[in-house]
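Colleague: Just so it is clear, I am handing over upload37.cif, which has mmCIF, C-alpha atoms.
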data_data
loop_
_atom_site.label_atom_id
_atom_site.label_comp_id
_atom_site.auth_asym_id
_atom_site.auth_seq_id
_atom_site.Cartn_x
_atom_site.Cartn_y
_atom_site.Cartn_z
CA MET A 24 0.00 0.00 0.00
CA LYS A 25 1.26 3.43 -0.88
CA GLU A 26 2.03 5.69 2.04
CA ILE A 27 2.33 9.46 2.28
CA ASP A 28 4.02 10.76 5.37
CA ALA A 29 2.75 14.30 5.74
CA ARG A 30 3.70 14.70 9.38
CA GLY A 31 5.16 18.10 10.11
CA LEU A 32 3.57 19.55 6.98
CA VAL A 33 0.97 22.29 7.14
CA CYS A 34 -2.05 22.75 4.91
CA PRO A 35 -2.46 22.63 2.00
CA GLN A 36 0.66 20.42 1.57
CA PRO A 37 -0.90 17.15 2.88
CA VAL A 38 -3.90 17.67 0.60
CA ILE A 39 -1.75 18.42 -2.46
CA LEU A 40 0.44 15.35 -1.88
CA THR A 41 -2.58 13.09 -1.35
CA LYS A 42 -4.37 14.47 -4.39
CA LYS A 43 -1.32 13.94 -6.61
CA ALA A 44 -0.81 10.39 -5.38
CA LEU A 45 -4.47 9.53 -5.92
CA GLU A 46 -4.34 10.92 -9.43
CA GLU A 47 -1.33 8.75 -10.24
CA MET A 48 -3.12 5.62 -9.05
CA THR A 49 -5.67 3.78 -11.14
CA GLU A 50 -6.98 1.85 -8.18
CA GLY A 51 -5.96 0.63 -4.76
CA GLU A 52 -5.31 1.98 -1.32
CA LEU A 53 -3.30 4.85 0.01
CA VAL A 54 -2.48 5.95 3.53
CA THR A 55 -1.77 9.57 4.41
CA ILE A 56 -0.26 10.24 7.82
CA VAL A 57 -0.75 13.68 9.33
CA ASP A 58 -0.18 15.14 12.77
CA ASN A 59 -2.79 17.87 13.02
CA VAL A 60 -6.56 17.96 13.03
CA THR A 61 -6.95 20.54 10.26
CA ALA A 62 -4.90 18.39 7.89
CA LYS A 63 -6.90 15.32 8.91
CA GLU A 64 -10.17 17.07 8.13
CA ASN A 65 -8.94 18.50 4.85
CA VAL A 66 -7.55 15.18 3.60
CA SER A 67 -10.79 13.43 4.60
CA ARG A 68 -12.79 16.05 2.76
CA LEU A 69 -10.64 15.54 -0.32
CA ALA A 70 -11.41 11.81 -0.24
CA GLU A 71 -15.09 12.56 0.19
CA ASN A 72 -15.13 14.98 -2.71
CA LEU A 73 -13.38 12.47 -4.95
CA ASP A 74 -16.00 9.87 -4.02
CA CYS A 75 -13.38 7.63 -2.39
CA LYS A 76 -14.03 5.57 0.69
CA TYR A 77 -11.79 6.34 3.64
CA GLU A 78 -11.10 5.32 7.21
CA ILE A 79 -9.32 7.24 9.91
CA SER A 80 -7.33 5.79 12.78
CA ASP A 81 -5.56 7.83 15.42
CA GLU A 82 -2.32 6.66 16.94
CA LYS A 83 0.09 8.48 19.22
CA GLY A 84 -1.15 11.92 18.19
CA CYS A 85 -0.99 11.07 14.49
CA HIS A 86 -3.89 10.46 12.17
CA TYR A 87 -3.79 7.73 9.53
CA ILE A 88 -6.25 8.28 6.72
CA LYS A 89 -6.70 5.19 4.59
CA ILE A 90 -8.23 6.06 1.23
CA LYS A 91 -9.55 3.54 -1.23
CA LYS A 92 -9.68 4.45 -4.86
CA ALA A 93 -12.06 2.45 -7.03
CA ALA A 94 -10.95 1.24 -10.46
CA VAL A 95 -13.54 3.20 -12.36
CA VAL A 96 -12.80 6.85 -12.06
CA GLN A 97 -16.01 8.51 -11.12
CA LYS A 98 -16.55 11.89 -12.59
CA GLN A 99 -17.59 14.55 -10.14
CA LYS A 100 -21.30 14.74 -10.03
CA ILE A 101 -22.71 18.00 -11.21
CA ASN A 102 -25.98 18.89 -9.69
CA ASP A 103 -27.55 21.43 -12.01
CA ASP A 104 -30.00 22.74 -9.47
CA SER A 105 -27.48 23.47 -6.77
CA ILE A 106 -26.46 27.01 -5.98
CA VAL A 107 -23.21 27.97 -4.32
CA ILE A 108 -22.77 31.51 -3.08
CA VAL A 109 -19.34 33.04 -2.73
CA ILE A 110 -19.08 36.09 -0.50
CA THR A 111 -15.76 37.84 -0.97
CA ALA A 112 -16.19 40.95 1.17
CA ASP A 113 -17.79 42.04 4.42
CA LYS A 114 -19.66 44.76 2.53
CA LEU A 115 -21.96 44.38 -0.45
CA GLY A 116 -20.78 46.31 -3.49
CA GLN A 117 -18.66 49.41 -3.79
CA GLY A 118 -19.76 52.74 -2.43
CA ALA A 119 -20.48 54.08 1.02
CA GLU A 120 -19.10 51.74 3.66
CA GLU A 121 -22.13 52.15 5.89
CA LEU A 122 -24.50 51.21 3.09
CA GLY A 123 -22.36 48.24 2.01
CA LYS A 124 -22.48 46.83 5.52
CA VAL A 125 -26.22 47.20 5.90
CA LEU A 126 -26.88 45.72 2.45
CA MET A 127 -24.79 42.67 3.39
CA LYS A 128 -26.83 42.19 6.57
CA SER A 129 -30.03 42.57 4.61
CA TYR A 130 -28.77 40.11 1.98
CA THR A 131 -27.84 37.42 4.51
CA TYR A 132 -31.21 37.83 6.20
CA ALA A 133 -33.11 37.48 2.93
CA LEU A 134 -31.01 34.44 2.01
CA THR A 135 -32.32 32.58 5.07
CA GLU A 136 -35.89 33.15 3.88
CA THR A 137 -35.51 32.36 0.21
CA THR A 138 -36.04 28.90 -1.27
CA PRO A 139 -34.37 26.91 -2.59
CA LEU A 140 -31.58 27.43 -0.12
CA PRO A 141 -28.06 27.38 -1.53
CA LYS A 142 -26.04 24.20 -1.12
CA ALA A 143 -23.12 26.12 0.32
CA VAL A 144 -22.01 29.62 1.15
CA ILE A 145 -18.29 30.27 0.92
CA PHE A 146 -16.63 33.19 2.70
CA MET A 147 -13.38 34.57 1.34
CA ASN A 148 -11.11 37.57 1.92
CA SER A 149 -12.84 40.09 4.21
CA GLY A 150 -16.02 38.02 3.82
CA VAL A 151 -14.71 35.92 6.73
CA LYS A 152 -15.37 38.90 9.00
CA LEU A 153 -19.06 37.98 8.68
CA THR A 154 -18.67 34.57 10.31
CA VAL A 155 -16.67 35.59 13.37
CA GLU A 156 -17.41 36.97 16.80
CA GLY A 157 -18.98 40.42 16.75
CA SER A 158 -20.42 40.12 13.23
CA GLU A 159 -23.90 41.55 12.92
CA ALA A 160 -24.73 38.99 10.22
CA LEU A 161 -23.76 36.06 12.45
CA GLU A 162 -27.30 35.08 13.46
CA ASN A 163 -28.39 34.95 9.82
CA ILE A 164 -25.45 32.76 8.84
CA LYS A 165 -25.98 30.45 11.82
CA LYS A 166 -29.59 30.09 10.73
CA LEU A 167 -28.45 29.07 7.25
CA GLU A 168 -26.14 26.45 8.73
CA SER A 169 -28.86 25.00 10.93
CA SER A 170 -31.08 24.77 7.83
CA GLY A 171 -28.47 22.51 6.24
CA VAL A 172 -26.45 24.99 4.21
CA GLU A 173 -22.72 24.27 4.24
CA ILE A 174 -20.75 27.25 5.50
CA ILE A 175 -17.15 27.22 4.33
CA ASN A 176 -14.57 29.74 5.46
CA CYS A 177 -11.29 30.36 3.67
CA GLY A 178 -8.58 29.30 6.13
CA THR A 179 -5.92 31.51 4.57
CA CYS A 180 -8.20 34.51 4.99
CA LEU A 181 -9.07 33.78 8.64
CA ASP A 182 -5.38 33.42 9.27
CA PHE A 183 -4.50 36.66 7.48
CA TYR A 184 -7.01 38.70 9.48
CA GLN A 185 -6.03 36.77 12.65
CA LEU A 186 -9.61 35.64 13.16
CA LYS A 187 -9.08 31.88 13.36
CA ASP A 188 -9.91 31.67 17.06
CA LYS A 189 -12.93 33.95 16.66
CA LEU A 190 -14.76 31.81 14.08
CA GLN A 191 -18.36 31.19 15.15
CA VAL A 192 -19.95 29.32 12.28
CA GLY A 193 -19.03 26.81 9.58
CA ILE A 194 -15.95 24.85 8.72
CA VAL A 195 -12.51 25.97 7.60
CA GLY A 196 -11.73 25.03 4.01
CA ASN A 197 -8.74 25.43 1.75
CA MET A 198 -8.58 26.63 -1.84
CA TYR A 199 -8.92 23.08 -3.23
CA SER A 200 -12.11 22.27 -1.36
CA ILE A 201 -13.47 25.70 -2.25
CA ILE A 202 -12.75 25.23 -5.97
CA GLU A 203 -14.26 21.75 -5.92
CA LYS A 204 -17.38 23.12 -4.29
CA MET A 205 -17.67 25.90 -6.88
CA ASN A 206 -16.96 23.67 -9.87
CA SER A 207 -19.46 21.01 -8.92
CA ALA A 208 -22.30 23.50 -8.45
CA GLY A 209 -24.96 24.15 -11.05
CA LYS A 210 -24.69 27.86 -10.43
CA VAL A 211 -22.20 30.02 -8.56
CA VAL A 212 -23.24 33.45 -7.38
CA ASN A 213 -20.51 35.87 -6.41
CA ILE A 214 -21.34 38.52 -3.83
CA GLY A 215 -18.90 41.07 -2.54
CA MET B 20 -46.32 30.98 17.19
CA THR B 21 -43.56 33.38 16.28
CA GLU B 22 -44.16 37.08 16.42
CA TYR B 23 -42.02 40.13 15.99
CA TYR B 24 -42.21 43.72 14.81
CA ILE B 25 -40.74 45.43 11.82
CA ALA B 26 -40.27 49.10 11.12
CA VAL B 27 -40.26 50.55 7.60
CA PHE B 28 -38.74 53.82 6.48
CA ASP B 29 -39.03 56.48 3.81
CA SER B 30 -35.28 56.71 3.37
CA THR B 31 -32.26 54.44 3.72
CA HIS B 32 -30.65 57.11 5.88
CA TYR B 33 -33.54 57.01 8.34
CA ALA B 34 -33.19 53.21 8.47
CA LEU B 35 -29.48 53.42 9.25
CA LYS B 36 -30.00 56.09 11.88
CA PHE B 37 -32.79 54.07 13.48
CA GLU B 38 -30.71 50.90 13.55
CA LYS B 39 -27.79 52.66 15.23
CA ALA B 40 -29.91 54.42 17.85
CA VAL B 41 -31.84 51.26 18.76
CA ARG B 42 -28.70 49.13 18.94
CA ASP B 43 -26.96 51.77 21.04
CA GLY B 44 -30.01 51.70 23.31
CA GLY B 45 -29.22 48.05 24.03
CA TYR B 46 -32.01 46.42 22.04
CA ASP B 47 -31.90 43.56 19.55
CA ILE B 48 -32.38 44.77 16.01
CA ASN B 49 -31.87 43.13 12.64
CA ILE B 50 -31.81 44.89 9.31
CA MET B 51 -33.68 43.03 6.58
CA PRO B 52 -35.27 43.83 3.22
CA VAL B 53 -38.84 45.12 3.31
CA PRO B 54 -41.11 42.08 2.89
CA ARG B 55 -42.79 41.90 -0.51
CA GLU B 56 -46.19 42.13 1.16
CA LEU B 57 -45.46 45.64 2.38
CA THR B 58 -44.48 48.67 0.40
CA ALA B 59 -42.22 51.49 1.38
CA SER B 60 -40.01 53.65 -0.73
CA CYS B 61 -36.84 52.48 1.01
CA GLY B 62 -35.93 48.81 0.66
CA LEU B 63 -34.68 48.35 4.20
CA SER B 64 -36.67 47.45 7.26
CA ALA B 65 -35.73 46.63 10.83
CA ARG B 66 -36.84 43.57 12.74
CA MET B 67 -37.32 43.79 16.50
CA GLU B 68 -38.43 41.55 19.34
CA ALA B 69 -42.11 41.86 20.24
CA GLY B 70 -41.26 42.20 23.93
CA GLU B 71 -39.09 45.24 23.32
CA ILE B 72 -41.25 47.16 20.88
CA GLU B 73 -42.89 49.54 23.38
CA ARG B 74 -39.54 50.67 24.74
CA ILE B 75 -38.07 50.98 21.24
CA MET B 76 -41.01 53.06 20.05
CA ALA B 77 -40.61 55.32 23.07
CA LEU B 78 -36.91 55.68 22.31
CA ALA B 79 -37.65 56.47 18.65
CA ALA B 80 -40.18 59.13 19.67
CA LYS B 81 -37.78 60.67 22.17
CA GLU B 82 -34.91 60.79 19.70
CA ASP B 83 -37.19 61.97 16.89
CA LEU B 84 -36.27 59.06 14.61
CA LYS B 85 -38.27 59.02 11.41
CA VAL B 86 -40.21 55.82 10.92
CA ALA B 87 -42.80 55.36 8.17
CA GLY B 88 -44.63 52.66 10.10
CA TYR B 89 -44.45 49.72 12.47
CA TYR B 90 -45.94 46.33 11.65
CA HIS B 91 -46.73 43.44 13.92
CA VAL B 92 -45.77 40.18 12.19
CA GLU B 93 -47.27 36.89 13.18
CA VAL B 94 -46.10 33.64 11.63
CA GLN B 95 -49.00 31.19 11.35
CA ASN B 96 -48.34 27.80 9.73
CA GLY B 97 -45.41 29.24 7.81
CA ARG B 98 -47.46 32.19 6.55
CA LYS B 99 -46.84 35.71 7.74
CA VAL B 100 -49.65 38.00 8.76
CA TYR B 101 -48.84 41.71 8.86
CA ASN B 102 -50.77 44.22 10.91
CA ARG B 103 -49.93 47.87 10.86
CA ARG B 104 -49.75 49.48 14.24
CA GLN B 105 -51.66 52.70 14.59
#
Go through the file and emit its structure as structure tokens.

Modeller:
Amino acid sequence: MKEIDARGLVCPQPVILTKKALEEMTEGELVTIVDNVTAKENVSRLAENLDCKYEISDEKGCHYIKIKKAAVVQKQKINDDSIVIVITADKLGQGAEELGKVLMKSYTYALTETTPLPKAVIFMNSGVKLTVEGSEALENIKKLESSGVEIINCGTCLDFYQLKDKLQVGIVGNMYSIIEKMNSAGKVVNIG
Amino acid sequence: MTEYYIAVFDSTHYALKFEKAVRDGGYDINIMPVPRELTASCGLSARMEAGEIERIMALAAKEDLKVAGYYHVEVQNGRKVYNRRQ
């Protein structure tokens, strides 16, 4: 069985290495070893998105993710009805800051009340300021999550604005999982 | 049964001023678009808790905030019933 030792590596390295190795394989099993929870989650999500079965075992602070690739390469399913919304700023549009902020609040509120709900909402750049402590749009976004909408926050962005420990809703994703989410959606709406 | 109040405004500036004053007064307030069932020239409205509406209205009167109208909203079986407050 092929093994990738990604201990000591930070995201997105473990994901990139695993993705490359899986692409080189036609079928079979692969084990990726990581030593932090974020990498474990991101590698697992990669497997999930590639429609591969996986198992995780934890040993001495390390996580072993065993991924099984099936012989027939399954194409990513494209669901034509699904909507993914990408919010790339904490204000909606360009113009007065005060207005941009209030429009964003109003938008997130209306989103909770409009059907069909989006499959996922992705927050990037200053958009991540909406999902952290002190955000006035937080309640709206939490409501979306509890209605089954995936909330994905750009990890690089949370890190840049030093907001990682203030995150209140959703999961932390990397650029690969974000791109996969966008590319498998029927429609992507960009707000910012 | 869920109930709450919303305020509608004649201008976006009045809505922003209202939001700030009410929030500074320590009340819960959420900006949202004006529901399709209601009409007002400005597209923003403010949602408030039913239990706080009397105090908010008193605050708005004291601070001379311009509000085009208050509506009581009742959610019954997923449908919203709006009643304008006189």

Colleague: With all atoms listed in the file as the atoms that count, which of A:Lys76, A:Lys187, A:Lys124, A:Lys89 lies nearest to chain B?

Modeller: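 So, comparing all the options, the nearest one is A:Lys124.
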
Colleague: May I have the residues of chain B within 10 Å of chain A, counting all atoms listed in the file, written as a list in words?

Modeller: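 Written out as asked, the residues are Thr31, His32, Ala34, Leu35, Glu38, Ile48, Asn49, Ile50, Met51, Pro52, Val53, Pro54, Gly62, Leu63, Ser64 and Ala65 of chain B.
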
Colleague: Figure out the distance between CA of Ser200 in chain A and CA of Gly215 in chain A, please, to one decimal in Å.

Modeller: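 Straight-line distance from CA of Gly215 in chain A to CA of Ser200 in chain A works out to 20.0 Å.
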
Colleague: Need the shell around Met20 in chain B: protein/DNA/RNA residues with any atom at most 12 Å away, counting all atoms listed in the file. Skip same-chain ones fewer than 6 positions apart. Format as a CSV table (one decimal) with C-alpha atoms, in the frame of the given file?

Modeller:
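Dumped everything to selection_3.csv:
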chain,number,residue,atom,x,y,z
B,92,VAL,CA,-45.8,40.2,12.2
B,93,GLU,CA,-47.3,36.9,13.2
B,94,VAL,CA,-46.1,33.6,11.6
B,95,GLN,CA,-49.0,31.2,11.4
B,96,ASN,CA,-48.3,27.8,9.7
B,97,GLY,CA,-45.4,29.2,7.8
B,98,ARG,CA,-47.5,32.2,6.6
B,99,LYS,CA,-46.8,35.7,7.7
B,100,VAL,CA,-49.6,38.0,8.8

Colleague: Using the chain letters and numbers from the file, give me the residues hit by the PyMOL selection byres ((chain B and resi 66-77) around 10), as a count of residues only.

Modeller: 36

Colleague: Using all atoms listed in the file, list the residues that have an atom at most 6 Å from (0.7, 3.0, -0.5), coordinates as in the file, as a VMD selection string.

Modeller: chain A and resid 24 to 26 53 to 54

Colleague: Figure out the distance between CA of Phe28 in chain B and CA of Gly88 in chain B, please, to one decimal in Å.

Modeller: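 Value for the CA of Gly88 in chain B-CA of Phe28 in chain B distance: 7.0 Å.
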
Colleague: Using all atoms listed in the file, find the one residue out of A:Lys43, A:Lys152, A:His86, A:Lys166 that sits nearest to Lys189 in chain A.

Modeller: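 Using all atoms listed in the file, the shortest distance to Lys189 in chain A belongs to A:Lys152.
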
Colleague: Please tell me which residues are no farther than 12 Å from (-16.9, 22.3, -5.7) in the file, counting only C-alpha atoms, and write them as a short mmCIF file (atom, residue, chain, number, x, y, z; two decimals) with C-alpha atoms, in the frame of the given file.

Modeller:
data_model
loop_
_atom_site.label_atom_id
_atom_site.label_comp_id
_atom_site.auth_asym_id
_atom_site.auth_seq_id
_atom_site.Cartn_x
_atom_site.Cartn_y
_atom_site.Cartn_z
CA ARG A 68 -12.79 16.05 2.76
CA LEU A 69 -10.64 15.54 -0.32
CA GLU A 71 -15.09 12.56 0.19
CA ASN A 72 -15.13 14.98 -2.71
CA LEU A 73 -13.38 12.47 -4.95
CA GLN A 99 -17.59 14.55 -10.14
CA LYS A 100 -21.30 14.74 -10.03
CA ILE A 101 -22.71 18.00 -11.21
CA ASN A 102 -25.98 18.89 -9.69
CA SER A 105 -27.48 23.47 -6.77
CA ILE A 106 -26.46 27.01 -5.98
CA VAL A 107 -23.21 27.97 -4.32
CA ILE A 108 -22.77 31.51 -3.08
CA VAL A 109 -19.34 33.04 -2.73
CA LYS A 142 -26.04 24.20 -1.12
CA ALA A 143 -23.12 26.12 0.32
CA VAL A 144 -22.01 29.62 1.15
CA ILE A 145 -18.29 30.27 0.92
CA GLU A 173 -22.72 24.27 4.24
CA ILE A 175 -17.15 27.22 4.33
CA GLY A 196 -11.73 25.03 4.01
CA ASN A 197 -8.74 25.43 1.75
CA MET A 198 -8.58 26.63 -1.84
CA TYR A 199 -8.92 23.08 -3.23
CA SER A 200 -12.11 22.27 -1.36
CA ILE A 201 -13.47 25.70 -2.25
CA ILE A 202 -12.75 25.23 -5.97
CA GLU A 203 -14.26 21.75 -5.92
CA LYS A 204 -17.38 23.12 -4.29
CA MET A 205 -17.67 25.90 -6.88
CA ASN A 206 -16.96 23.67 -9.87
CA SER A 207 -19.46 21.01 -8.92
CA ALA A 208 -22.30 23.50 -8.45
CA GLY A 209 -24.96 24.15 -11.05
CA LYS A 210 -24.69 27.86 -10.43
CA VAL A 211 -22.20 30.02 -8.56
#

Colleague: Using CA of Tyr33 in chain B and CA of Ala87 in chain B as the two end points, give the distance in Å to one decimal.

Modeller: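 It comes out at 9.4 Å.
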
Colleague: If I only have part of range 67-82 of chain B, can you fill in N, CA and C atoms and write it as a CSV table (one decimal), keeping the file's coordinate frame?

Modeller:
chain,number,residue,atom,x,y,z
B,67,MET,N,-37.5,43.7,15.1
B,67,MET,CA,-37.3,43.8,16.5
B,67,MET,C,-38.1,42.8,17.3
B,68,GLU,N,-37.7,42.5,18.5
B,68,GLU,CA,-38.4,41.6,19.3
B,68,GLU,C,-39.7,42.2,19.8
B,69,ALA,N,-40.8,41.4,19.8
B,69,ALA,CA,-42.1,41.9,20.2
B,69,ALA,C,-42.1,42.4,21.7
B,70,GLY,N,-41.3,41.8,22.5
B,70,GLY,CA,-41.3,42.2,23.9
B,70,GLY,C,-40.6,43.5,24.1
B,71,GLU,N,-39.9,44.0,23.1
B,71,GLU,CA,-39.1,45.2,23.3
B,71,GLU,C,-39.7,46.4,22.6
B,72,ILE,N,-40.8,46.2,21.8
B,72,ILE,CA,-41.2,47.2,20.9
B,72,ILE,C,-41.7,48.5,21.6
B,73,GLU,N,-42.4,48.3,22.7
B,73,GLU,CA,-42.9,49.5,23.4
B,73,GLU,C,-41.7,50.5,23.7
B,74,ARG,N,-40.7,49.9,24.3
B,74,ARG,CA,-39.5,50.7,24.7
B,74,ARG,C,-38.8,51.3,23.5
B,75,ILE,N,-38.7,50.5,22.4
B,75,ILE,CA,-38.1,51.0,21.2
B,75,ILE,C,-38.9,52.1,20.6
B,76,MET,N,-40.2,52.0,20.6
B,76,MET,CA,-41.0,53.1,20.0
B,76,MET,C,-40.9,54.3,20.9
B,77,ALA,N,-40.8,54.2,22.2
B,77,ALA,CA,-40.6,55.3,23.1
B,77,ALA,C,-39.3,56.0,22.8
B,78,LEU,N,-38.3,55.2,22.6
B,78,LEU,CA,-36.9,55.7,22.3
B,78,LEU,C,-36.9,56.4,21.0
B,79,ALA,N,-37.6,55.9,20.0
B,79,ALA,CA,-37.6,56.5,18.6
B,79,ALA,C,-38.4,57.8,18.7
B,80,ALA,N,-39.4,57.9,19.5
B,80,ALA,CA,-40.2,59.1,19.7
B,80,ALA,C,-39.3,60.2,20.4
B,81,LYS,N,-38.6,59.7,21.4
B,81,LYS,CA,-37.8,60.7,22.2
B,81,LYS,C,-36.7,61.2,21.3
B,82,GLU,N,-36.1,60.4,20.5
B,82,GLU,CA,-34.9,60.8,19.7
B,82,GLU,C,-35.3,61.3,18.3
